[in-house]
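Next up, work_28.txt (compact mmCIF, C-alpha atoms):
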# COMPACT_ATOMS: atom_id res chain seq x y z
CA PHE A 1 210.62 -74.16 73.62
CA PRO A 2 208.85 -76.97 71.77
CA GLY A 3 206.88 -79.15 74.17
CA MET A 4 205.58 -78.32 77.63
CA LEU A 5 208.15 -77.62 80.34
CA THR A 6 207.51 -79.53 83.56
CA ALA A 7 210.87 -79.56 85.37
CA ALA A 8 214.03 -77.47 85.72
CA VAL A 9 217.10 -77.56 87.93
CA TRP A 10 220.06 -75.22 88.33
CA THR A 11 223.05 -77.53 88.59
CA ASP A 12 226.81 -77.42 88.06
CA PHE A 13 227.10 -80.56 85.94
CA ASN A 14 230.74 -79.98 84.86
CA ASP A 15 232.17 -78.61 88.15
CA ASP A 16 233.30 -75.30 86.65
CA LYS A 17 231.71 -73.38 89.55
CA GLN A 18 229.01 -71.98 87.26
CA PRO A 19 225.32 -72.91 87.64
CA ASP A 20 224.08 -74.62 84.48
CA LEU A 21 220.44 -75.22 83.56
CA MET A 22 218.75 -78.54 82.80
CA LEU A 23 215.16 -78.56 81.49
CA ALA A 24 212.67 -81.34 80.81
CA GLY A 25 209.04 -81.61 79.81
CA GLU A 26 206.36 -83.42 77.84
CA PHE A 27 206.93 -84.01 74.13
CA MET A 28 210.44 -82.62 74.31
CA SER A 29 214.03 -83.71 74.81
CA VAL A 30 215.92 -83.18 78.01
CA ARG A 31 217.82 -79.96 77.32
CA LEU A 32 221.06 -78.74 78.87
CA PHE A 33 222.37 -75.18 78.85
CA LYS A 34 226.01 -74.65 79.80
CA ASN A 35 226.91 -71.49 81.70
CA GLU A 36 229.80 -69.82 79.86
CA GLY A 37 230.08 -66.98 82.37
CA SER A 38 228.78 -64.33 79.97
CA GLY A 39 225.77 -66.34 78.82
CA PHE A 40 224.38 -69.81 78.18
CA THR A 41 225.13 -72.21 75.32
CA GLU A 42 222.86 -75.15 74.61
CA ILE A 43 224.86 -78.40 74.47
CA THR A 44 221.91 -80.82 74.32
CA GLU A 45 223.14 -82.53 71.16
CA THR A 46 226.83 -82.89 72.04
CA ALA A 47 225.90 -84.11 75.54
CA GLY A 48 223.93 -87.00 74.04
CA LEU A 49 220.48 -85.76 75.06
CA ALA A 50 218.93 -84.72 71.74
CA ALA A 51 217.18 -88.04 70.98
CA SER A 52 215.38 -88.12 74.32
CA GLN A 53 211.87 -86.92 73.45
CA GLY A 54 209.71 -88.08 76.33
CA MET A 55 206.90 -87.24 78.71
CA TRP A 56 209.35 -86.04 81.35
CA GLN A 57 207.94 -85.18 84.77
CA SER A 58 210.87 -84.45 87.09
CA ILE A 59 214.64 -84.00 87.44
CA THR A 60 216.69 -84.98 90.50
CA ALA A 61 220.42 -84.28 90.77
CA ALA A 62 222.78 -86.39 92.91
CA ASP A 63 226.10 -88.26 92.82
CA PHE A 64 225.03 -91.91 92.57
CA ASP A 65 228.42 -93.50 91.86
CA ASN A 66 230.63 -91.57 94.31
CA ASP A 67 232.93 -90.23 91.62
CA GLY A 68 232.62 -86.57 92.61
CA ASP A 69 230.30 -85.32 89.86
CA THR A 70 226.55 -84.93 89.46
CA ASP A 71 224.30 -87.57 87.93
CA TYR A 72 220.56 -87.23 87.38
CA VAL A 73 217.27 -89.08 87.64
CA LEU A 74 214.77 -88.19 84.91
CA GLY A 75 211.21 -89.10 85.84
CA ASN A 76 209.07 -90.08 82.84
CA ALA A 77 205.50 -91.30 82.31
CA GLY A 78 206.51 -94.92 82.92
CA GLU A 79 206.03 -98.07 80.85
CA ASN A 80 202.74 -99.25 82.34
CA THR A 81 200.65 -98.07 79.41
CA TRP A 82 198.78 -99.63 76.51
CA LEU A 83 200.59 -97.37 74.04
CA ASP A 84 203.37 -98.96 71.99
CA ILE A 85 205.94 -96.16 71.79
CA SER A 86 209.42 -96.43 70.29
CA GLU A 87 212.05 -94.25 68.66
CA SER A 88 210.96 -95.49 65.21
CA HIS A 89 207.25 -95.07 65.98
CA PRO A 90 206.86 -92.33 68.59
CA LEU A 91 203.66 -90.95 70.00
CA GLN A 92 202.87 -87.81 68.03
CA LEU A 93 201.15 -84.57 68.93
CA HIS A 94 199.86 -82.51 65.99
CA TYR A 95 198.67 -79.03 66.80
CA ALA A 96 197.26 -76.05 64.92
CA ASP A 97 194.29 -73.69 65.01
CA PHE A 98 192.11 -76.22 63.20
CA ASP A 99 188.81 -74.36 63.71
CA GLY A 100 190.12 -70.82 63.20
CA ASN A 101 189.02 -69.50 66.58
CA GLY A 102 192.44 -68.19 67.58
CA SER A 103 193.38 -71.02 69.95
CA VAL A 104 195.56 -74.07 69.39
CA ASP A 105 193.91 -77.51 69.10
CA PRO A 106 195.87 -80.71 69.86
CA LEU A 107 195.54 -84.03 68.06
CA PHE A 108 197.33 -87.04 69.60
CA SER A 109 198.32 -89.84 67.27
CA HIS A 110 199.77 -93.35 67.78
CA TYR A 111 201.20 -95.98 65.46
CA GLU A 112 199.28 -99.21 64.93
CA GLU A 113 199.32 -101.83 62.17
CA GLY A 114 201.34 -99.84 59.69
CA LYS A 115 200.09 -96.29 60.12
CA TYR A 116 199.18 -93.57 62.59
CA TYR A 117 195.69 -93.25 64.06
CA PRO A 118 194.18 -90.51 66.26
CA LEU A 119 193.89 -91.37 69.95
CA ALA A 120 190.67 -89.44 70.43
CA SER A 121 187.35 -91.07 69.60
CA LEU A 122 185.06 -89.40 67.08
CA ASP A 123 182.78 -88.09 69.84
CA VAL A 124 185.68 -86.58 71.80
CA LEU A 125 187.27 -84.99 68.74
CA ALA A 126 183.93 -83.60 67.53
CA GLN A 127 183.37 -81.85 70.86
CA GLN A 128 186.49 -79.77 70.16
CA LEU A 129 186.24 -79.65 66.36
CA PRO A 130 182.57 -80.02 65.28
CA GLN A 131 183.49 -79.57 61.60
CA ILE A 132 184.97 -83.08 61.59
CA ARG A 133 181.41 -84.44 61.38
CA LYS A 134 181.13 -83.19 57.79
CA ASP A 135 183.67 -85.74 56.61
CA PHE A 136 183.14 -88.51 59.16
CA LEU A 137 179.45 -89.17 59.72
CA LYS A 138 179.85 -92.82 60.68
CA TYR A 139 181.99 -94.38 63.36
CA ASP A 140 183.31 -97.14 61.10
CA THR A 141 184.55 -94.58 58.57
CA TYR A 142 186.40 -92.74 61.31
CA ALA A 143 187.78 -95.99 62.76
CA ARG A 144 189.34 -96.91 59.42
CA SER A 145 190.80 -93.44 58.86
CA GLY A 146 194.37 -92.66 59.77
CA THR A 147 195.76 -89.45 61.19
CA ALA A 148 196.72 -88.25 57.70
CA ASP A 149 193.06 -88.55 56.65
CA ILE A 150 191.91 -86.57 59.68
CA LEU A 151 194.46 -83.80 59.10
CA LYS A 152 193.51 -83.61 55.43
CA ALA A 153 189.85 -83.19 56.36
CA LEU A 154 190.68 -80.48 58.90
CA ASP A 155 192.60 -78.62 56.16
CA ALA A 156 194.79 -76.57 58.51
CA GLN A 157 197.25 -74.17 56.89
CA GLN A 158 200.16 -74.98 59.19
CA VAL A 159 200.33 -78.09 61.35
CA ASN A 160 203.18 -78.56 63.83
CA THR A 161 204.18 -81.96 65.20
CA LEU A 162 205.92 -82.98 68.42
CA SER A 163 207.04 -86.50 69.32
CA CYS A 164 207.47 -88.71 72.37
CA ALA A 165 209.86 -91.61 71.69
CA THR A 166 210.19 -92.98 75.24
CA THR A 167 208.20 -93.09 78.47
CA THR A 168 210.93 -94.90 80.44
CA SER A 169 212.19 -93.22 83.63
CA MET A 170 215.96 -93.01 83.44
CA LEU A 171 219.22 -92.51 85.27
CA LEU A 172 221.58 -90.12 83.53
CA LYS A 173 225.20 -91.04 84.25
CA ASN A 174 227.66 -88.17 84.07
CA ASN A 175 230.72 -89.34 82.12
CA GLY A 176 232.81 -86.40 83.31
CA ASP A 177 233.48 -85.11 79.78
CA GLU A 178 230.23 -83.17 79.28
CA THR A 179 228.49 -86.26 77.90
CA PHE A 180 225.97 -88.59 79.53
CA GLU A 181 224.88 -92.23 79.43
CA TRP A 182 221.23 -93.28 79.69
CA ILE A 183 220.43 -96.12 82.12
CA PRO A 184 216.80 -97.29 82.62
CA LEU A 185 215.51 -97.53 86.17
CA PRO A 186 214.30 -101.01 87.29
CA GLY A 187 210.91 -102.25 86.10
CA MET A 188 209.21 -101.60 89.45
CA ALA A 189 210.01 -97.90 88.97
CA GLN A 190 208.17 -97.90 85.62
CA LEU A 191 204.67 -98.72 86.93
CA ALA A 192 203.50 -95.10 86.95
CA PRO A 193 204.74 -91.59 86.17
CA LEU A 194 207.82 -90.80 88.28
CA LYS A 195 207.14 -87.42 89.84
CA GLY A 196 208.50 -87.17 93.39
CA CYS A 197 212.11 -88.31 93.73
CA LEU A 198 214.45 -88.07 96.70
CA ALA A 199 218.14 -89.05 96.73
CA GLU A 200 218.80 -90.29 100.26
CA ASP A 201 221.23 -92.75 101.83
CA VAL A 202 218.46 -94.77 103.43
CA ASN A 203 220.61 -97.59 104.79
CA LEU A 204 223.67 -95.40 105.54
CA ASP A 205 226.06 -97.51 103.48
CA GLY A 206 227.61 -94.47 101.78
CA TRP A 207 225.64 -94.79 98.52
CA LEU A 208 222.70 -92.53 97.70
CA ASP A 209 219.48 -94.51 97.32
CA LEU A 210 216.22 -93.38 95.72
CA VAL A 211 212.80 -92.81 97.24
CA ILE A 212 210.30 -92.26 94.43
CA ALA A 213 206.57 -91.65 94.06
CA GLY A 214 204.05 -90.71 91.41
CA ASN A 215 200.65 -91.39 89.92
CA GLU A 216 198.31 -89.44 87.64
CA TYR A 217 194.58 -89.26 88.30
CA ASP A 218 193.73 -86.18 86.20
CA THR A 219 193.59 -87.82 82.78
CA GLU A 220 191.30 -88.05 79.78
CA VAL A 221 189.06 -91.10 79.49
CA VAL A 222 191.07 -92.39 76.54
CA TRP A 223 194.19 -92.59 78.72
CA GLY A 224 192.71 -93.90 81.95
CA ILE A 225 194.16 -93.01 85.35
CA GLN A 226 197.66 -94.17 86.28
CA ALA A 227 197.45 -95.40 89.87
CA ALA A 228 199.81 -98.39 90.09
CA SER A 229 202.44 -96.73 92.27
CA ARG A 230 202.46 -96.97 96.05
CA GLY A 231 205.86 -95.32 96.26
CA LEU A 232 209.14 -97.20 96.11
CA VAL A 233 212.55 -97.34 97.76
CA LEU A 234 215.45 -98.32 95.47
CA LEU A 235 218.68 -99.33 97.23
CA ASN A 236 221.88 -98.34 95.45
CA GLU A 237 224.13 -101.39 95.03
CA GLY A 238 226.86 -99.44 93.21
CA GLY A 239 227.58 -99.33 89.49
CA PHE A 240 224.17 -97.73 88.86
CA ARG A 241 222.41 -100.90 89.96
CA PHE A 242 219.33 -100.31 92.11
CA THR A 243 217.33 -102.96 93.97
CA PRO A 244 213.64 -102.30 94.76
CA LEU A 245 212.44 -102.83 98.34
CA SER A 246 208.90 -104.01 99.00
CA PRO A 247 206.68 -101.69 101.06
CA ALA A 248 206.77 -104.28 103.85
CA ALA A 249 210.57 -104.08 103.93
CA SER A 250 210.89 -100.30 103.56
CA GLY A 251 207.79 -99.09 105.43
CA PHE A 252 207.17 -96.56 102.61
CA TYR A 253 203.65 -96.86 101.21
CA GLY A 254 201.89 -93.99 99.43
CA ARG A 255 198.13 -94.01 99.02
CA GLY A 256 197.10 -91.29 96.62
CA ASP A 257 197.80 -89.19 93.55
CA GLN A 258 201.44 -88.78 94.56
CA ARG A 259 203.46 -85.74 93.58
CA GLY A 260 206.47 -84.26 95.42
CA ILE A 261 208.58 -85.80 98.16
CA VAL A 262 211.10 -84.04 100.42
CA ARG A 263 213.25 -84.76 103.48
CA MET A 264 212.94 -82.87 106.76
CA GLY A 265 214.94 -83.13 109.99
CA TRP A 266 212.88 -84.06 113.04
CA GLY A 267 214.31 -83.78 116.52
CA GLU A 268 217.95 -84.63 117.21
CA ASP A 269 218.42 -87.89 115.34
CA SER A 270 215.25 -88.49 113.28
CA TRP A 271 214.05 -87.53 109.82
CA LEU A 272 210.74 -87.30 108.03
CA PHE A 273 209.88 -87.92 104.40
CA LEU A 274 206.96 -85.69 103.40
CA LEU A 275 204.88 -86.95 100.47
CA ALA A 276 202.43 -84.54 98.81
CA ASN A 277 199.30 -85.89 97.13
CA ASN A 278 197.34 -83.96 94.53
CA LYS A 279 193.95 -83.02 96.04
CA GLY A 280 194.84 -85.17 99.04
CA ILE A 281 196.66 -85.30 102.34
CA LEU A 282 200.31 -84.63 103.09
CA GLU A 283 201.68 -88.00 104.18
CA ASN A 284 204.75 -88.32 106.39
CA PHE A 285 207.08 -91.24 106.97
CA ALA A 286 209.66 -91.32 109.76
CA LEU A 287 213.10 -92.85 109.37
CA ALA A 288 214.09 -94.76 112.48
CA ALA A 289 216.42 -92.79 114.76
CA GLU A 290 220.02 -93.62 113.87
CA LYS A 291 222.75 -92.50 116.24
CA GLN A 292 225.47 -93.46 113.74
CA ALA A 293 224.31 -90.95 111.12
CA VAL A 294 226.28 -87.73 110.71
CA ARG A 295 224.01 -84.68 110.71
CA VAL A 296 225.16 -81.68 108.65
CA ALA A 297 223.59 -78.61 107.05
CA PHE A 298 224.44 -76.10 104.34
CA GLU A 299 224.99 -72.58 105.65
CA LYS A 300 224.24 -69.32 103.88
CA GLU A 301 226.08 -68.92 100.54
CA GLU A 302 227.20 -72.57 100.52
CA VAL A 303 226.11 -74.48 97.41
CA ARG A 304 228.25 -77.62 97.34
CA MET A 305 229.77 -80.20 99.66
CA MET A 306 232.42 -82.81 98.87
CA VAL A 307 232.28 -85.79 101.19
CA GLU A 308 235.39 -87.93 101.58
CA MET A 309 234.55 -91.54 102.36
CA ARG A 310 236.75 -93.88 104.38
CA ASP A 311 237.25 -96.08 101.31
CA GLY A 312 238.79 -93.14 99.41
CA SER A 313 235.77 -92.35 97.22
CA ARG A 314 234.22 -88.88 97.04
CA GLN A 315 230.55 -87.99 97.01
CA LYS A 316 229.39 -84.62 95.69
CA ILE A 317 226.29 -83.18 97.34
CA SER A 318 224.83 -79.96 95.94
CA CYS A 319 222.32 -77.53 97.33
CA ASP A 320 220.49 -77.19 94.02
CA TYR A 321 217.53 -74.99 93.22
CA GLY A 322 214.74 -77.35 92.26
CA SER A 323 214.42 -81.08 92.84
CA GLY A 324 211.97 -83.80 91.83
CA TYR A 325 208.42 -82.63 91.13
CA LEU A 326 207.95 -78.94 92.04
CA SER A 327 209.97 -79.51 95.23
CA GLN A 328 212.91 -78.06 97.12
CA GLN A 329 214.99 -80.18 99.47
CA SER A 330 216.01 -79.06 102.94
CA LYS A 331 219.52 -77.75 103.54
CA LYS A 332 219.79 -80.21 106.42
CA LEU A 333 220.83 -83.76 105.65
CA ARG A 334 222.44 -86.83 107.11
CA LEU A 335 225.58 -88.64 106.01
CA SER A 336 226.75 -92.21 106.35
CA PRO A 337 229.07 -93.07 109.26
CA ARG A 338 231.48 -94.04 106.48
CA ALA A 339 231.98 -90.32 105.81
CA MET A 340 235.39 -89.14 106.98
CA SER A 341 235.07 -85.42 106.21
CA ALA A 342 232.91 -82.88 104.42
CA THR A 343 234.30 -79.79 102.69
CA PHE A 344 231.86 -76.97 101.86
CA TYR A 345 232.15 -74.46 98.99
CA ASP A 346 230.35 -71.26 98.02
CA GLY A 347 229.07 -70.33 94.56
CA GLN A 348 232.51 -69.11 93.47
CA GLY A 349 234.16 -72.41 94.32
CA LYS A 350 235.85 -71.02 97.44
CA GLU A 351 236.16 -73.38 100.39
CA THR A 352 234.12 -72.09 103.33
CA ARG A 353 234.81 -74.77 105.95
CA LYS A 354 235.74 -78.38 106.50
CA LEU A 355 234.24 -80.81 108.98
CA ASN A 356 236.12 -83.90 110.13
CA PHE A 357 234.13 -86.79 111.55
CA SER A 358 235.47 -89.21 114.12
CA ARG A 359 234.93 -92.91 113.55
CA LYS A 360 231.85 -94.12 115.44

Would you write the structure of this file as structure tokens?
Amino acid sequence: FPGMLTAAVWTDFNDDKQPDLMLAGEFMSVRLFKNEGSGFTEITETAGLAASQGMWQSITAADFDNDGDTDYVLGNAGENTWLDISESHPLQLHYADFDGNGSVDPLFSHYEEGKYYPLASLDVLAQQLPQIRKDFLKYDTYARSGTADILKALDAQQVNTLSCATTTSMLLKNNGDETFEWIPLPGMAQLAPLKGCLAEDVNLDGWLDLVIAGNEYDTEVVWGIQAASRGLVLLNEGGFRFTPLSPAASGFYGRGDQRGIVRMGWGEDSWLFLLANNKGILENFALAAEKQAVRVAFEKEEVRMMVEMRDGSRQKISCDYGSGYLSQQSKKLRLSPRAMSATFYDGQGKETRKLNFSRK
């Protein structure tokens, strides 16, 4: 695969009772492989995902519009960066064995004032490729040289190039016909890389909200750390419109190099959100006890639940393998009191049981 894989999820995107595979990563498009029963067929292009080269960090699957199919959240690097990246002028990564030592050397390049320039300073690049000093003895010469000049001086036999055309974290709306529509998340969700992502009906109104987190402290000097996120709750208003809640309103406030976030049942009526920090503590946030919530759990062999709401809409909830950033959600979850029933299915699409909920 071109690029560096960072996220994967097994998910039945087309409801044919076969687990499909969605992949994402840095300097690559989101890729989708349809399970044909006897093998997998890549449908990235026909699904409308081919022109999505990004710095993707995470994938979260959930039904955000209560239409009975699976939508997705794709966590990206965010827009809070000094780099000016677009589809016409993407960030580029050139790589080859420039010094002939048997290992691959990367060269990042960005567009500025009419041409591409290397991101690395002369000192940084010379640490990896000392031979560059033969052609660029002075800093001003290097500063005026574009990426094409640098690659010419390195004289590599075969240079490969990858691109990143967007760093925007996105919602991926399932159109129900094996195609998707891209919808950007609100600006407050773009302040830092979106890594941890949890689909949870926080306010129990029957619509799945988002609890997101992510920063990046392990970076090169040229990039600088990304530490603007304190975590965020996004309330689902319907129609793929999400409203950010302030930390004071939500009570969710992360403090470190945030990574994965998961939900865990706690006691009879309470739930915890667990937030993992890279090289830091495991933070936990408790949802207030809510007697009106309906508590359910997937049993062995069950992979999907269809929730019938009292307004006639249907919400699909899957027990997927993989979620957010290197995370796996619990099989226990809570439903809105607006849920009327929940029907469970196994991996073959066979109904295993049905739960009916009385009005509370």

Taking into account only C-alpha atoms, which residue in the set A:Gly256, A:Gly196, A:Pro118, A:Gly312 is nearest to Leu326 of chain A? A:Gly196

Restricting the calculation to only C-alpha atoms: of A:Leu154, A:Ala96, A:Leu204, A:Val73, which residue gets closest to Ile183 of chain A? A:Val73

Counting all atoms listed in the file, give me one row per residue of segment 144-178 of chain A with an atom at most 8 Å from an atom of segment 8-15 of chain A, showing the shortest contact pair and its distance in Å to one decimal, sorted by chain then residue number, as a tab-separated table.
residue	atom	partner	partner_atom	distance
A:Asn174	CA	A:Phe13	CA	7.9
A:Gly176	CA	A:Asn14	CA	6.9
A:Asp177	CA	A:Asn14	CA	7.7
A:Glu178	CA	A:Asn14	CA	6.4

Which of these, A:Asn356, A:Ser336, A:Ser103, A:Ser341, has the shortest distance to Glu308 of chain A once you count all atoms listed in the file? A:Ser341

Rounded to one decimal in Å, what is the spacing between atom CA of Val30 of chain A and atom CA of Ser163 of chain A? 12.9 Å

Hey, can you pull every residue with an atom no more than 10 Å from (198.7, -81.9, 72.2), using all atoms listed in the file, and send it as a VMD selection string? chain A and resid 3 to 4 26 to 27 92 to 96 104 to 109 161 to 163

With all atoms listed in the file as the counted atoms, please give the residues lying no more than 10 Å from segment 75-86 of chain A, apart from itself and same-chain residues fewer than 3 positions off, as a ChimeraX atom specification. /A:7,24-26,54-60,72,89-92,110-112,119,164-171,185,187-197,212-216,223-224,226-228,324-325

Mind pulling up the distance from atom CA of Gln18 of chain A to atom CA of Thr44 of chain A?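 According to the coordinates, atom CA of Thr44 of chain A and atom CA of Gln18 of chain A are separated by 17.2 Å.
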
Contacts of Leu198 of chain A at 9 Å or less, counting only C-alpha atoms, minus same-chain residues fewer than 4 places along, as a PyMOL selection string? chain A and resi 60+209-212+260-263+273+323-324+329

Please work out which residues fall within 7 Å of (228.6, -94.5, 103.5), coordinates as given in the file, with all atoms listed in the file counting, and return them as a PyMOL selection string. chain A and resi 204-207+309+336-339

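Going from atom CA of Thr70 of chain A to atom CA of Gln292 of chain A covers 25.8 Å.
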
Which residues are close to Leu355 of chain A, i.e. within 10 Å by only C-alpha atoms, leaving aside same-chain residues fewer than 3 positions away? Reply as a count of residues only. 8

For Met264 of chain A, find every residue with an atom within 12 Å (counting only C-alpha atoms), except residues of its own chain fewer than 2 positions away, and show them as a PyMOL selection string. chain A and resi 198+200+261-262+266-275+284-287+295+297+328-334

So which residues touch segment 131-133 of chain A within 12 Å, counting all atoms listed in the file, skipping near sequence neighbours fewer than 4 positions away, as a VMD selection string? chain A and resid 98 to 100 121 to 127 137 to 139 141 to 142 149 to 155

Calculated over only C-alpha atoms, which of the candidates A:Asp135, A:Asp97, A:Asp346, A:Glu113 has the smallest distance to Gln157 of chain A? A:Asp97

Which residue of A:Phe40, A:Leu172, A:Leu208, A:Asn101 approaches Ser52 of chain A most closely, using all atoms listed in the file: A:Leu172
